[in-house]
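Colleague: First the structure, which I've put down as structure tokens, then a few questions once you've had a look.
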There are 2 protein chains.
Amino acid sequence: MSKPLDYENLNENVKKCQYAVRGELYLRASELQKEGKKIIFTNVGNPHALGQKPLTFPRQVVIALCQAPFLLDDPNVGLVFPADTIARAKHYLSLTSGGLGAYSDSRGIPGIRKEVAEFIERRDGYPSDPELIFLTDGASKGVMQILNAIIRSDRDGILVPVPQYPLYSATISLLGGSLVPYYLEETANWGLDIVNLRQSVAQARSQGKTVRAMVIINPGNPTGQCLSEANLKEVLKFCYENNLVLLGDEVYQQNIYQDERPFISARKVLMDMGGPISKELQLVSFHTVSKGYWGECGQRGGYFEMTNVSPKTVEEIYKVASISLSPNVPGQIFLGLMVSPPKPGDISYERFVRESKGVLESLRRRAQIMTDGFNSCRNVVCNFTEGAMYSFPQIRLPPKAIEAAKKAGKVPDVFYCLKLLEATGISTVPGSGFGQKDGVFHLRTTILPAEEDMPAIMASFKKFNDDFMEQYEDYRGYSRM
Amino acid sequence: MSKPLDYENLNENVKKCQYAVRGELYLRASELQKEGKKIIFTNVGNPHALGQKPLTFPRQVVIALCQAPFLLDDPNVGLVFPADTIARAKHYLSLTSGGLGAYSDSRGIPGIRKEVAEFIERRDGYPSDPELIFLTDGASKGVMQILNAIIRSDRDGILVPVPQYPLYSATISLLGGSLVPYYLEETANWGLDIVNLRQSVAQARSQGKTVRAMVIINPGNPTGQCLSEANLKEVLKFCYENNLVLLGDEVYQQNIYQDERPFISARKVLMDMGGPISKELQLVSFHTVSKGYWGECGQRGGYFEMTNVSPKTVEEIYKVASISLSPNVPGQIFLGLMVSPPKPGDISYERFVRESKGVLESLRRRAQIMTDGFNSCRNVVCNFTEGAMYSFPQIRLPPKAIEAAKKAGKVPDVFYCLKLLEATGISTVPGSGFGQKDGVFHLRTTILPAEEDMPAIMASFKKFNDDFMEQYEDYRGYSRM
Ligand SMILES: Cc1ncc(COP(=O)(O)O)c(C=O)c1O
Ligand SMILES: Cc1ncc(COP(=O)(O)O)c(C=O)c1O
């Protein structure tokens, strides 16, 4: 007799959901690593795992000092920690009741939610209400909480970009909702085409779905684009006309590599528009300590901010958050420090700026090395990474390669990425994990390997790709662009 | 037109779920606190918030040193940190790839899962497999992950004790399953009666439900009992006969206050039984850094261990865990330290033992003061707290009080607890938040207020209760026992 936790008896939504970032490729890479092969993990945007050093200031404050408040009484503490880090540690300890070891309010520590609101106001020029800000264990958990509040059944549709970060597809499956895809335009540097959006919604409606929300990822993962103000305006209007909540995944807002394409928050554009839309359109925006120049992925700190959401709904979301008591408190303090970093004049300011600039400038150079590297390869075309941490080249697979993949029982881009992994140790994620148009193939890699290793990695990729194309190209044709 | 995030359009399961620990009483207490009233928060088992000092050793290791690895190179570090804490910090850093700022494997850091397995083996005398152990952001998240894998629809029933910790009722609602209550026997010090269990299952089946899992909380929250070996054996057999997964919530396993009632894990009893049941019965056990003498609630560290669960199911649970990338890494290291504390001979050993014994012995005394205090009050009867952190006295409310509550539109125990809060600042949770038999009323308080404050708190309670009973008693009768 089969038992309740046997595979066949599990929740179907659990079985249905897919999560490619840690899928087949990742598992194979882990195996190879166990066997002693050197693996370059570019499958997850996990900067510290690839050698990025943590910023000194937050680690001193949060963490050394907040975790070890007895240090504050140690006569030697001044030898080890600058005075402003000690002051900030005392500040955060005063905001908690019981330090880092006590559950906080389930929405997060009120004093830190206030700091987040002040950050948003400085960034956008419009006040923000701490009561509409919830702190979370990373942005992922926030996205899951909001989608859980929205999705009632598989008749509820959520517009998600293709390609997308699979948090969205996986969570929608898990919650039993319906993903309604809209395609980003590769030839327009992954811009968002409103005509496409309309078609997607019309099609979903013709299938009896109620489209209730739209997700944008800006800057894009895996696609690296930064949405323009004009594009964001169109999106907001579209959501308003179609009565959709907009979920703005803005976790890469500090990862910007082209001065002519700054990050603009959906909230700022909405407020700039004024009029009824700015008072009615429901928007939830997400941010995290995992990205930017912080890259503090393991700490799990994030927030979401709700706009035009009623207190009654906020209360429901609060209630659900309280089931798991509170987000982790050290992560909350990281977030507080991220939104209120050292100021000019503070002892730690100069070091902080030096370190954070160092990270961002290097990322900018790496984005360039990678895009150029891919574009110099046979049958590979790649948009420039304007933001975020990824490169998403299109690989034009020859028909013979596609046949070979079929024979091996693999999706063609999985086939390509597995071969790349075996040959070079470079662990990427196949484009099919994010979604792509039929017959078009990509891979995603982060731009995170150490800058000095980059040229060797790109050379190794080029050699593999040359050999691969050599083997499978028969000059009869390619997969279409 | 109503908008997607308006209350009436939210997921019904979100609206349906209830979470009393931070419900009406808590909200009112927070309001009173804002108005300047001194509140004694005994509603949540949150030791540090009530003044319990964190243990020094883990804070030094994890957290000062792991968070601030640059300290390890500081010439002054030896002045501030004992040598064994430095060694342990280096050990944990070596288990991560990228320190605390990198996402770990979604199941948790392999080296720490191994430490957990070794702890379980030492505790139970049977080997444990790290591949069947997942680290989580506190036990709550683990429970939610497992229930999510089990529950497919409202036809799936989960046996939950009454009274219960509302994590279970709330999560089952949220996931759209059915709670199947079984009553604990107050007159048998909240023991578990198999006849009751059978009736509960029979009734659920007659309503067309498939009962798939059973939850035990041992030691109990809110009820404070420790299950005996004989009782556990009956439960295991019952689960085996009825093809149920047993979910063993053992988060209070270190909180034990009676030498004649030690904690015994469900897994040990199962293994001791031998034979087919020990190889077939599916069991998932939960633990946390939030309780015990650690009380590190804000860090969000926990684990679950699966027994007799197939690799295919483990893979599914892994996949779902990976959607939110990884549990917080500092919390994982706390857990590692909890399961492998300093050993005799280590520099930090003596201090560690002194501090942890101090916490536990004081809790034991407080359990006694509280039980005695309640039992000395008019119309109040209270079982002794054998384990966990709570006292759960029954309040025999006079009929007039019940009438007054009805007039005020309140559940009678909510009415009582609100009056207690207004009069004394003591913030408790009404028994109805945990479930209780019809017509019987309780409240739950933690035993966590500082020991020196305890006599005053109990005196203040007694005075309130006397006045309350004076006001409402008409000598015609009470709520039944
Ligand atoms: C687009 C996007 N959103 C959200 C997340 C989640 O980040 P976290 O949960 O670490 O905050 C990521 C992580 O890679 C991401 O790429
Ligand atoms: C019985 C029980 N289980 C689980 C938990 C959850 O603890 P945490 O999520 O902090 O590990 C609690 C917390 O109070 C509890 O009382």
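Residues are named by chain letter and number: chains run A, B, ... in the order of the structure tokens, numbers start at 1 in each chain, and ligands are numbered from 1 in the order shown.
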Can you build me a table of chain B residues sitting at most 10 Å from ligand 2, with the closest atom pair per residue and its distance in Å to one decimal, using only C-alpha atoms and all ligand atoms, sorted by chain and residue number, as JSON lines?
Modeller:
```
{"residue": "B:Val21", "atom": "CA", "partner": "ligand 2", "partner_atom_place_in_ligand_line": "14 (O)", "distance": 9.2}
{"residue": "B:Asn43", "atom": "CA", "partner": "ligand 2", "partner_atom_place_in_ligand_line": "14 (O)", "distance": 9.9}
{"residue": "B:Val44", "atom": "CA", "partner": "ligand 2", "partner_atom_place_in_ligand_line": "14 (O)", "distance": 6.7}
{"residue": "B:Gly45", "atom": "CA", "partner": "ligand 2", "partner_atom_place_in_ligand_line": "14 (O)", "distance": 5.3}
{"residue": "B:Asn46", "atom": "CA", "partner": "ligand 2", "partner_atom_place_in_ligand_line": "14 (O)", "distance": 7.6}
{"residue": "B:Thr136", "atom": "CA", "partner": "ligand 2", "partner_atom_place_in_ligand_line": "11 (O)", "distance": 8.5}
{"residue": "B:Asp137", "atom": "CA", "partner": "ligand 2", "partner_atom_place_in_ligand_line": "9 (O)", "distance": 7.0}
{"residue": "B:Gly138", "atom": "CA", "partner": "ligand 2", "partner_atom_place_in_ligand_line": "11 (O)", "distance": 3.5}
{"residue": "B:Ala139", "atom": "CA", "partner": "ligand 2", "partner_atom_place_in_ligand_line": "11 (O)", "distance": 3.6}
{"residue": "B:Ser140", "atom": "CA", "partner": "ligand 2", "partner_atom_place_in_ligand_line": "9 (O)", "distance": 3.7}
{"residue": "B:Lys141", "atom": "CA", "partner": "ligand 2", "partner_atom_place_in_ligand_line": "9 (O)", "distance": 6.3}
{"residue": "B:Gly142", "atom": "CA", "partner": "ligand 2", "partner_atom_place_in_ligand_line": "9 (O)", "distance": 8.0}
{"residue": "B:Val143", "atom": "CA", "partner": "ligand 2", "partner_atom_place_in_ligand_line": "4 (C)", "distance": 7.8}
{"residue": "B:Met144", "atom": "CA", "partner": "ligand 2", "partner_atom_place_in_ligand_line": "9 (O)", "distance": 10.0}
{"residue": "B:Gln164", "atom": "CA", "partner": "ligand 2", "partner_atom_place_in_ligand_line": "1 (C)", "distance": 7.9}
{"residue": "B:Tyr165", "atom": "CA", "partner": "ligand 2", "partner_atom_place_in_ligand_line": "1 (C)", "distance": 5.5}
{"residue": "B:Pro166", "atom": "CA", "partner": "ligand 2", "partner_atom_place_in_ligand_line": "1 (C)", "distance": 8.5}
{"residue": "B:Leu167", "atom": "CA", "partner": "ligand 2", "partner_atom_place_in_ligand_line": "4 (C)", "distance": 7.1}
{"residue": "B:Tyr168", "atom": "CA", "partner": "ligand 2", "partner_atom_place_in_ligand_line": "3 (N)", "distance": 8.6}
{"residue": "B:Ile216", "atom": "CA", "partner": "ligand 2", "partner_atom_place_in_ligand_line": "1 (C)", "distance": 8.9}
{"residue": "B:Ile217", "atom": "CA", "partner": "ligand 2", "partner_atom_place_in_ligand_line": "1 (C)", "distance": 5.7}
{"residue": "B:Asn218", "atom": "CA", "partner": "ligand 2", "partner_atom_place_in_ligand_line": "1 (C)", "distance": 7.7}
{"residue": "B:Pro219", "atom": "CA", "partner": "ligand 2", "partner_atom_place_in_ligand_line": "1 (C)", "distance": 8.0}
{"residue": "B:Gly220", "atom": "CA", "partner": "ligand 2", "partner_atom_place_in_ligand_line": "1 (C)", "distance": 6.6}
{"residue": "B:Asn221", "atom": "CA", "partner": "ligand 2", "partner_atom_place_in_ligand_line": "1 (C)", "distance": 5.1}
{"residue": "B:Pro222", "atom": "CA", "partner": "ligand 2", "partner_atom_place_in_ligand_line": "16 (O)", "distance": 7.5}
{"residue": "B:Thr223", "atom": "CA", "partner": "ligand 2", "partner_atom_place_in_ligand_line": "1 (C)", "distance": 9.9}
{"residue": "B:Gly224", "atom": "CA", "partner": "ligand 2", "partner_atom_place_in_ligand_line": "1 (C)", "distance": 10.0}
{"residue": "B:Gly248", "atom": "CA", "partner": "ligand 2", "partner_atom_place_in_ligand_line": "3 (N)", "distance": 9.4}
{"residue": "B:Asp249", "atom": "CA", "partner": "ligand 2", "partner_atom_place_in_ligand_line": "3 (N)", "distance": 5.8}
{"residue": "B:Glu250", "atom": "CA", "partner": "ligand 2", "partner_atom_place_in_ligand_line": "1 (C)", "distance": 7.3}
{"residue": "B:Val251", "atom": "CA", "partner": "ligand 2", "partner_atom_place_in_ligand_line": "3 (N)", "distance": 5.8}
{"residue": "B:Tyr252", "atom": "CA", "partner": "ligand 2", "partner_atom_place_in_ligand_line": "1 (C)", "distance": 7.3}
{"residue": "B:Phe286", "atom": "CA", "partner": "ligand 2", "partner_atom_place_in_ligand_line": "4 (C)", "distance": 7.8}
{"residue": "B:His287", "atom": "CA", "partner": "ligand 2", "partner_atom_place_in_ligand_line": "11 (O)", "distance": 6.8}
{"residue": "B:Thr288", "atom": "CA", "partner": "ligand 2", "partner_atom_place_in_ligand_line": "11 (O)", "distance": 4.4}
{"residue": "B:Val289", "atom": "CA", "partner": "ligand 2", "partner_atom_place_in_ligand_line": "11 (O)", "distance": 6.4}
{"residue": "B:Ser290", "atom": "CA", "partner": "ligand 2", "partner_atom_place_in_ligand_line": "10 (O)", "distance": 4.8}
{"residue": "B:Lys291", "atom": "CA", "partner": "ligand 2", "partner_atom_place_in_ligand_line": "10 (O)", "distance": 7.4}
{"residue": "B:Gly295", "atom": "CA", "partner": "ligand 2", "partner_atom_place_in_ligand_line": "10 (O)", "distance": 8.7}
{"residue": "B:Glu296", "atom": "CA", "partner": "ligand 2", "partner_atom_place_in_ligand_line": "10 (O)", "distance": 8.1}
{"residue": "B:Cys297", "atom": "CA", "partner": "ligand 2", "partner_atom_place_in_ligand_line": "10 (O)", "distance": 5.1}
{"residue": "B:Gly298", "atom": "CA", "partner": "ligand 2", "partner_atom_place_in_ligand_line": "10 (O)", "distance": 7.6}
{"residue": "B:Gln299", "atom": "CA", "partner": "ligand 2", "partner_atom_place_in_ligand_line": "10 (O)", "distance": 8.4}
{"residue": "B:Arg300", "atom": "CA", "partner": "ligand 2", "partner_atom_place_in_ligand_line": "10 (O)", "distance": 6.0}
{"residue": "B:Gly301", "atom": "CA", "partner": "ligand 2", "partner_atom_place_in_ligand_line": "11 (O)", "distance": 6.4}
{"residue": "B:Gly302", "atom": "CA", "partner": "ligand 2", "partner_atom_place_in_ligand_line": "11 (O)", "distance": 5.6}
{"residue": "B:Tyr303", "atom": "CA", "partner": "ligand 2", "partner_atom_place_in_ligand_line": "11 (O)", "distance": 8.5}
{"residue": "B:Ala388", "atom": "CA", "partner": "ligand 2", "partner_atom_place_in_ligand_line": "16 (O)", "distance": 7.9}
{"residue": "B:Met389", "atom": "CA", "partner": "ligand 2", "partner_atom_place_in_ligand_line": "16 (O)", "distance": 8.4}
{"residue": "B:Tyr390", "atom": "CA", "partner": "ligand 2", "partner_atom_place_in_ligand_line": "16 (O)", "distance": 9.1}
```
Colleague: Any chance you can output those residues with N, CA and C atoms as a compact mmCIF listing (two decimals), in the first residue's frame?
Modeller:
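As written to disk, again_6.txt reads:
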```txt
# COMPACT_ATOMS: atom_id res chain seq x y z
N VAL B 21 -2.14 33.69 18.30
CA VAL B 21 -1.01 34.13 19.12
C VAL B 21 -0.75 35.61 18.89
N ASN B 43 2.40 36.37 25.59
CA ASN B 43 1.61 35.72 24.56
C ASN B 43 2.44 34.88 23.60
N VAL B 44 3.72 35.16 23.48
CA VAL B 44 4.56 34.42 22.54
C VAL B 44 5.75 33.86 23.31
N GLY B 45 6.16 32.64 22.96
CA GLY B 45 7.34 32.05 23.59
C GLY B 45 8.59 32.68 23.01
N ASN B 46 8.90 33.87 23.49
CA ASN B 46 9.94 34.72 22.88
C ASN B 46 10.90 35.16 23.98
N THR B 136 15.96 24.76 7.95
CA THR B 136 14.85 25.66 7.64
C THR B 136 14.98 26.98 8.41
N ASP B 137 14.24 27.99 7.97
CA ASP B 137 14.18 29.27 8.70
C ASP B 137 13.26 29.13 9.91
N GLY B 138 13.68 28.39 10.90
CA GLY B 138 12.80 28.09 12.03
C GLY B 138 11.94 26.87 11.74
N ALA B 139 11.41 26.26 12.78
CA ALA B 139 10.58 25.07 12.60
C ALA B 139 9.30 25.39 11.85
N SER B 140 8.77 26.58 12.04
CA SER B 140 7.50 26.94 11.38
C SER B 140 7.56 26.68 9.88
N LYS B 141 8.65 27.15 9.27
CA LYS B 141 8.77 27.02 7.83
C LYS B 141 8.86 25.56 7.42
N GLY B 142 9.50 24.74 8.25
CA GLY B 142 9.59 23.31 7.97
C GLY B 142 8.22 22.66 8.00
N VAL B 143 7.45 22.98 9.01
CA VAL B 143 6.10 22.42 9.13
C VAL B 143 5.28 22.81 7.90
N MET B 144 5.41 24.05 7.48
CA MET B 144 4.64 24.51 6.32
C MET B 144 5.07 23.77 5.05
N GLN B 164 -3.99 23.00 20.56
CA GLN B 164 -2.83 22.90 19.66
C GLN B 164 -2.17 24.26 19.53
N TYR B 165 -0.94 24.23 19.05
CA TYR B 165 -0.26 25.46 18.66
C TYR B 165 -0.81 25.88 17.30
N PRO B 166 -1.28 27.11 17.14
CA PRO B 166 -2.09 27.46 15.96
C PRO B 166 -1.34 27.50 14.64
N LEU B 167 -0.02 27.35 14.66
CA LEU B 167 0.70 27.12 13.41
C LEU B 167 0.00 26.06 12.57
N TYR B 168 -0.49 25.00 13.25
CA TYR B 168 -1.07 23.88 12.52
C TYR B 168 -2.42 24.23 11.91
N ILE B 216 1.83 15.50 16.50
CA ILE B 216 1.94 15.56 17.96
C ILE B 216 2.91 16.68 18.31
N ILE B 217 2.63 17.33 19.42
CA ILE B 217 3.53 18.38 19.91
C ILE B 217 4.04 17.88 21.25
N ASN B 218 5.31 17.58 21.30
CA ASN B 218 5.88 16.93 22.48
C ASN B 218 7.28 17.45 22.76
N PRO B 219 7.48 18.11 23.90
CA PRO B 219 6.53 18.56 24.91
C PRO B 219 5.48 19.51 24.31
N GLY B 220 4.34 19.58 25.00
CA GLY B 220 3.18 20.23 24.41
C GLY B 220 3.13 21.74 24.53
N ASN B 221 2.66 22.36 23.48
CA ASN B 221 2.30 23.77 23.48
C ASN B 221 0.85 23.82 23.03
N PRO B 222 -0.06 24.36 23.79
CA PRO B 222 0.12 25.16 25.01
C PRO B 222 0.11 24.35 26.29
N THR B 223 0.05 23.03 26.20
CA THR B 223 -0.36 22.22 27.34
C THR B 223 0.77 21.76 28.26
N GLY B 224 2.03 21.82 27.79
CA GLY B 224 3.16 21.59 28.69
C GLY B 224 3.41 20.16 29.10
N GLY B 248 6.18 15.01 14.12
CA GLY B 248 6.56 15.15 15.52
C GLY B 248 7.17 16.52 15.77
N ASP B 249 6.39 17.40 16.36
CA ASP B 249 6.89 18.73 16.68
C ASP B 249 7.60 18.62 18.02
N GLU B 250 8.92 18.59 17.97
CA GLU B 250 9.71 18.35 19.18
C GLU B 250 10.59 19.56 19.50
N VAL B 251 10.04 20.75 19.23
CA VAL B 251 10.86 21.95 19.38
C VAL B 251 11.21 22.23 20.84
N TYR B 252 10.44 21.66 21.77
CA TYR B 252 10.73 21.93 23.18
C TYR B 252 11.51 20.80 23.84
N PHE B 286 10.62 17.80 13.89
CA PHE B 286 11.01 19.21 13.76
C PHE B 286 11.74 19.70 15.00
N HIS B 287 12.72 20.56 14.78
CA HIS B 287 13.45 21.16 15.90
C HIS B 287 13.87 22.58 15.51
N THR B 288 14.33 23.34 16.48
CA THR B 288 14.57 24.78 16.27
C THR B 288 15.62 25.32 17.23
N VAL B 289 16.20 26.46 16.89
CA VAL B 289 17.07 27.19 17.84
C VAL B 289 16.26 28.19 18.67
N SER B 290 14.95 28.28 18.41
CA SER B 290 14.13 29.30 19.09
C SER B 290 13.84 28.96 20.54
N LYS B 291 13.94 27.70 20.89
CA LYS B 291 13.48 27.29 22.21
C LYS B 291 14.66 26.74 23.01
N GLY B 295 16.73 29.92 22.94
CA GLY B 295 15.74 30.98 22.78
C GLY B 295 16.08 31.97 21.69
N GLU B 296 16.80 31.50 20.66
CA GLU B 296 17.27 32.42 19.61
C GLU B 296 16.20 32.55 18.52
N CYS B 297 15.02 33.03 18.94
CA CYS B 297 13.86 33.09 18.04
C CYS B 297 14.11 33.94 16.80
N GLY B 298 14.76 35.08 16.99
CA GLY B 298 14.91 36.02 15.89
C GLY B 298 15.87 35.54 14.80
N GLN B 299 16.65 34.51 15.10
CA GLN B 299 17.64 34.04 14.12
C GLN B 299 17.01 33.15 13.07
N ARG B 300 15.90 32.53 13.39
CA ARG B 300 15.20 31.66 12.45
C ARG B 300 16.09 30.53 11.96
N GLY B 301 16.36 29.59 12.87
CA GLY B 301 17.12 28.39 12.51
C GLY B 301 16.33 27.16 12.93
N GLY B 302 16.26 26.17 12.09
CA GLY B 302 15.55 24.95 12.46
C GLY B 302 15.91 23.82 11.51
N TYR B 303 15.37 22.65 11.77
CA TYR B 303 15.54 21.55 10.83
C TYR B 303 14.34 20.64 10.88
N ALA B 388 8.23 22.41 27.81
CA ALA B 388 7.91 23.59 26.98
C ALA B 388 7.98 24.87 27.82
N MET B 389 7.21 25.88 27.50
CA MET B 389 7.38 27.20 28.13
C MET B 389 6.07 27.84 28.51
N TYR B 390 5.02 27.01 28.72
CA TYR B 390 3.70 27.59 28.87
C TYR B 390 2.96 27.04 30.07
```
Colleague: Using DSSP on the backbone, list every residue of stretch 349-437 of chain B that comes out as strand (DSSP E), and give them as number ranges by chain.
Modeller: B: 380-381, 390-391, 394-395, 426-427, 429-430
Colleague: Could you please select, counting only C-alpha atoms, the residues of chain A within 6 Å of chain B and state them as a compact mmCIF listing (two decimals) with C-alpha atoms, in the first residue's frame?
Modeller:
```
# COMPACT_ATOMS: atom_id res chain seq x y z
CA PRO A 4 1.04 9.38 2.40
CA TYR A 7 5.59 10.37 -4.56
CA LEU A 10 2.03 14.18 -2.99
CA ASN A 11 0.23 17.43 -3.70
CA ASN A 46 25.26 34.41 -5.68
CA HIS A 48 29.92 35.92 -2.46
CA ALA A 49 30.06 32.30 -3.58
CA ARG A 59 29.22 43.23 8.79
CA ILE A 63 26.64 41.82 12.83
CA ALA A 64 29.59 41.53 14.76
CA GLN A 67 25.06 39.72 17.56
CA ALA A 68 27.57 40.16 20.28
CA SER A 97 12.99 44.38 22.05
CA GLY A 98 15.35 41.61 23.00
CA LEU A 100 18.59 39.67 17.45
CA GLY A 101 17.36 36.66 19.40
CA ALA A 102 13.77 37.81 19.79
CA TYR A 103 10.96 37.37 17.26
CA SER A 140 11.49 35.46 -2.77
CA ALA A 149 -2.93 36.41 -1.37
CA ILE A 150 -3.88 36.85 -5.02
CA ILE A 151 -4.24 33.34 -6.43
CA ARG A 152 -7.53 31.57 -5.70
CA LEU A 167 10.54 32.07 -8.91
CA ARG A 212 -5.35 39.56 -12.01
CA GLU A 296 24.30 39.35 0.98
CA CYS A 297 22.26 36.43 -0.33
CA GLY A 298 22.74 34.14 2.64
CA GLN A 299 21.35 36.68 5.10
CA ARG A 300 17.85 36.60 3.63
CA THR A 313 -5.93 43.53 2.88
CA ILE A 323 2.01 32.19 11.10
CA SER A 324 5.77 31.92 10.68
CA ASN A 328 15.03 36.75 10.55
CA VAL A 329 16.16 39.74 12.56
```
Colleague: Check the DSSP output for the backbone and give back, as number ranges by chain, the residues of stretch 96-243 of chain B in alpha helix (DSSP H).
Modeller: B: 110-124, 139-150, 167-174, 194-206, 229-241
Colleague: Considering only C-alpha atoms, can you say which of B:Glu386, B:Val380, B:Gly345, B:Gly358 comes closest to B:Glu260?
Modeller: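 So, comparing all the options, the nearest one is B:Glu386.
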Colleague: Interatomic distance between atom CA of B:Phe461 and atom CA of B:Tyr257?
Modeller: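 These atoms are spaced 23.3 Å apart.
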Colleague: Pick out the residues sitting within 8 Å of B:Lys233, and hand them over as a list in words; count only C-alpha atoms, and ignore anything fewer than 5 positions along from it in its own chain.
Modeller: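 Near neighbours after the sequence-gap exclusion: Val269, Leu270 and Met273 of chain B.
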Colleague: Any chance you could export the current selection's C-alpha atoms as a PDB file, in the first residue's frame?
Modeller:
```
ATOM      1  CA  VAL B 269      10.621   4.919  20.177  1.00  0.00           C
ATOM      2  CA  LEU B 270       9.990   3.931  16.570  1.00  0.00           C
ATOM      3  CA  MET B 273      10.058  -0.996  18.299  1.00  0.00           C
TER       4      MET B 273
END
```
Colleague: Near A:Gln471, counting only C-alpha atoms, which residues have an atom at most 10 Å away, once you skip same-chain residues fewer than 4 positions from it, shown as a ChimeraX atom specification?
Modeller: /A:398,400-401,465-467
Colleague: Write to file, as a PDB file, in the first residue's frame, the residues of the selection just made, with N, CA and C atoms.
Modeller:
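out_4.pdb written:
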```pdb
ATOM      1  N   PRO A 398      22.527  24.467 -34.678  1.00  0.00           N
ATOM      2  CA  PRO A 398      22.330  23.851 -35.986  1.00  0.00           C
ATOM      3  C   PRO A 398      21.326  22.694 -35.888  1.00  0.00           C
ATOM      4  N   LYS A 400      21.380  19.744 -36.873  1.00  0.00           N
ATOM      5  CA  LYS A 400      21.980  18.469 -36.462  1.00  0.00           C
ATOM      6  C   LYS A 400      22.123  18.383 -34.936  1.00  0.00           C
ATOM      7  N   ALA A 401      22.420  19.515 -34.313  1.00  0.00           N
ATOM      8  CA  ALA A 401      22.547  19.526 -32.847  1.00  0.00           C
ATOM      9  C   ALA A 401      21.184  19.265 -32.219  1.00  0.00           C
ATOM     10  N   ASN A 465      32.407  26.275 -27.870  1.00  0.00           N
ATOM     11  CA  ASN A 465      31.354  26.598 -28.842  1.00  0.00           C
ATOM     12  C   ASN A 465      31.839  26.349 -30.271  1.00  0.00           C
ATOM     13  N   ASP A 466      33.095  26.710 -30.525  1.00  0.00           N
ATOM     14  CA  ASP A 466      33.662  26.444 -31.853  1.00  0.00           C
ATOM     15  C   ASP A 466      33.611  24.950 -32.153  1.00  0.00           C
ATOM     16  N   ASP A 467      34.083  24.163 -31.203  1.00  0.00           N
ATOM     17  CA  ASP A 467      34.106  22.707 -31.406  1.00  0.00           C
ATOM     18  C   ASP A 467      32.701  22.175 -31.616  1.00  0.00           C
TER      19      ASP A 467
END
```
Colleague: Using only C-alpha atoms, determine which residues lie at most 12 Å from B:Met271, disregarding the query and same-chain residues fewer than 4 positions distant; provide the list as an MDAnalysis selection string.
Modeller: chainID B and resid 121 124:128 232:233 236 264:267 275:283 307:308
Colleague: Emit the selected residues as a PDB file, in the first residue's frame, including C-alpha atoms.
Modeller:
```
ATOM      1  CA  GLU B 121      22.440   9.613  16.634  1.00  0.00           C
ATOM      2  CA  ASP B 124      18.571   8.349  20.094  1.00  0.00           C
ATOM      3  CA  GLY B 125      21.252   5.709  19.660  1.00  0.00           C
ATOM      4  CA  TYR B 126      20.403   5.136  16.004  1.00  0.00           C
ATOM      5  CA  PRO B 127      22.200   6.517  12.960  1.00  0.00           C
ATOM      6  CA  SER B 128      20.562   9.332  11.041  1.00  0.00           C
ATOM      7  CA  LEU B 232       4.301   7.383  22.024  1.00  0.00           C
ATOM      8  CA  LYS B 233       4.296   3.695  21.170  1.00  0.00           C
ATOM      9  CA  LEU B 236       3.133   5.166  16.398  1.00  0.00           C
ATOM     10  CA  ILE B 264      11.920  10.769  24.367  1.00  0.00           C
ATOM     11  CA  SER B 265      11.898  11.358  20.652  1.00  0.00           C
ATOM     12  CA  ALA B 266       9.269   9.699  18.475  1.00  0.00           C
ATOM     13  CA  ARG B 267      12.098   8.439  16.300  1.00  0.00           C
ATOM     14  CA  GLY B 275      10.187  -4.845  12.884  1.00  0.00           C
ATOM     15  CA  PRO B 276       8.254  -3.625   9.838  1.00  0.00           C
ATOM     16  CA  ILE B 277       6.844  -0.516  11.532  1.00  0.00           C
ATOM     17  CA  SER B 278      10.338   0.855  12.114  1.00  0.00           C
ATOM     18  CA  LYS B 279      11.132   0.438   8.424  1.00  0.00           C
ATOM     19  CA  GLU B 280       7.866   1.664   7.023  1.00  0.00           C
ATOM     20  CA  LEU B 281       6.209   4.281   9.176  1.00  0.00           C
ATOM     21  CA  GLN B 282       6.803   7.738   7.781  1.00  0.00           C
ATOM     22  CA  LEU B 283       7.857  10.243  10.391  1.00  0.00           C
ATOM     23  CA  THR B 307      12.301   8.840   8.374  1.00  0.00           C
ATOM     24  CA  ASN B 308      11.163   6.217   5.846  1.00  0.00           C
TER      25      ASN B 308
END
```
Colleague: I'd like the neighbourhood of A:Glu305 as a tab-separated table (two decimals) with N, CA and C atoms, in the first residue's frame, where a residue qualifies if any of its atoms comes within 6 Å (using only C-alpha atoms), though same-chain residues fewer than 2 positions away should be ignored.
Modeller:
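Just written: around18.tsv:
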```tsv
chain	number	residue	atom	x	y	z
A	132	LEU	N	2.79	50.20	5.17
A	132	LEU	CA	2.56	49.45	3.94
A	132	LEU	C	3.83	48.73	3.49
A	133	ILE	N	4.80	48.68	4.40
A	133	ILE	CA	6.07	48.01	4.09
A	133	ILE	C	6.21	46.81	5.01
A	284	VAL	N	2.81	46.44	-5.96
A	284	VAL	CA	3.66	45.92	-4.88
A	284	VAL	C	5.08	45.84	-5.43
A	285	SER	N	6.02	46.46	-4.73
A	285	SER	CA	7.42	46.48	-5.20
A	285	SER	C	8.30	45.69	-4.25
```
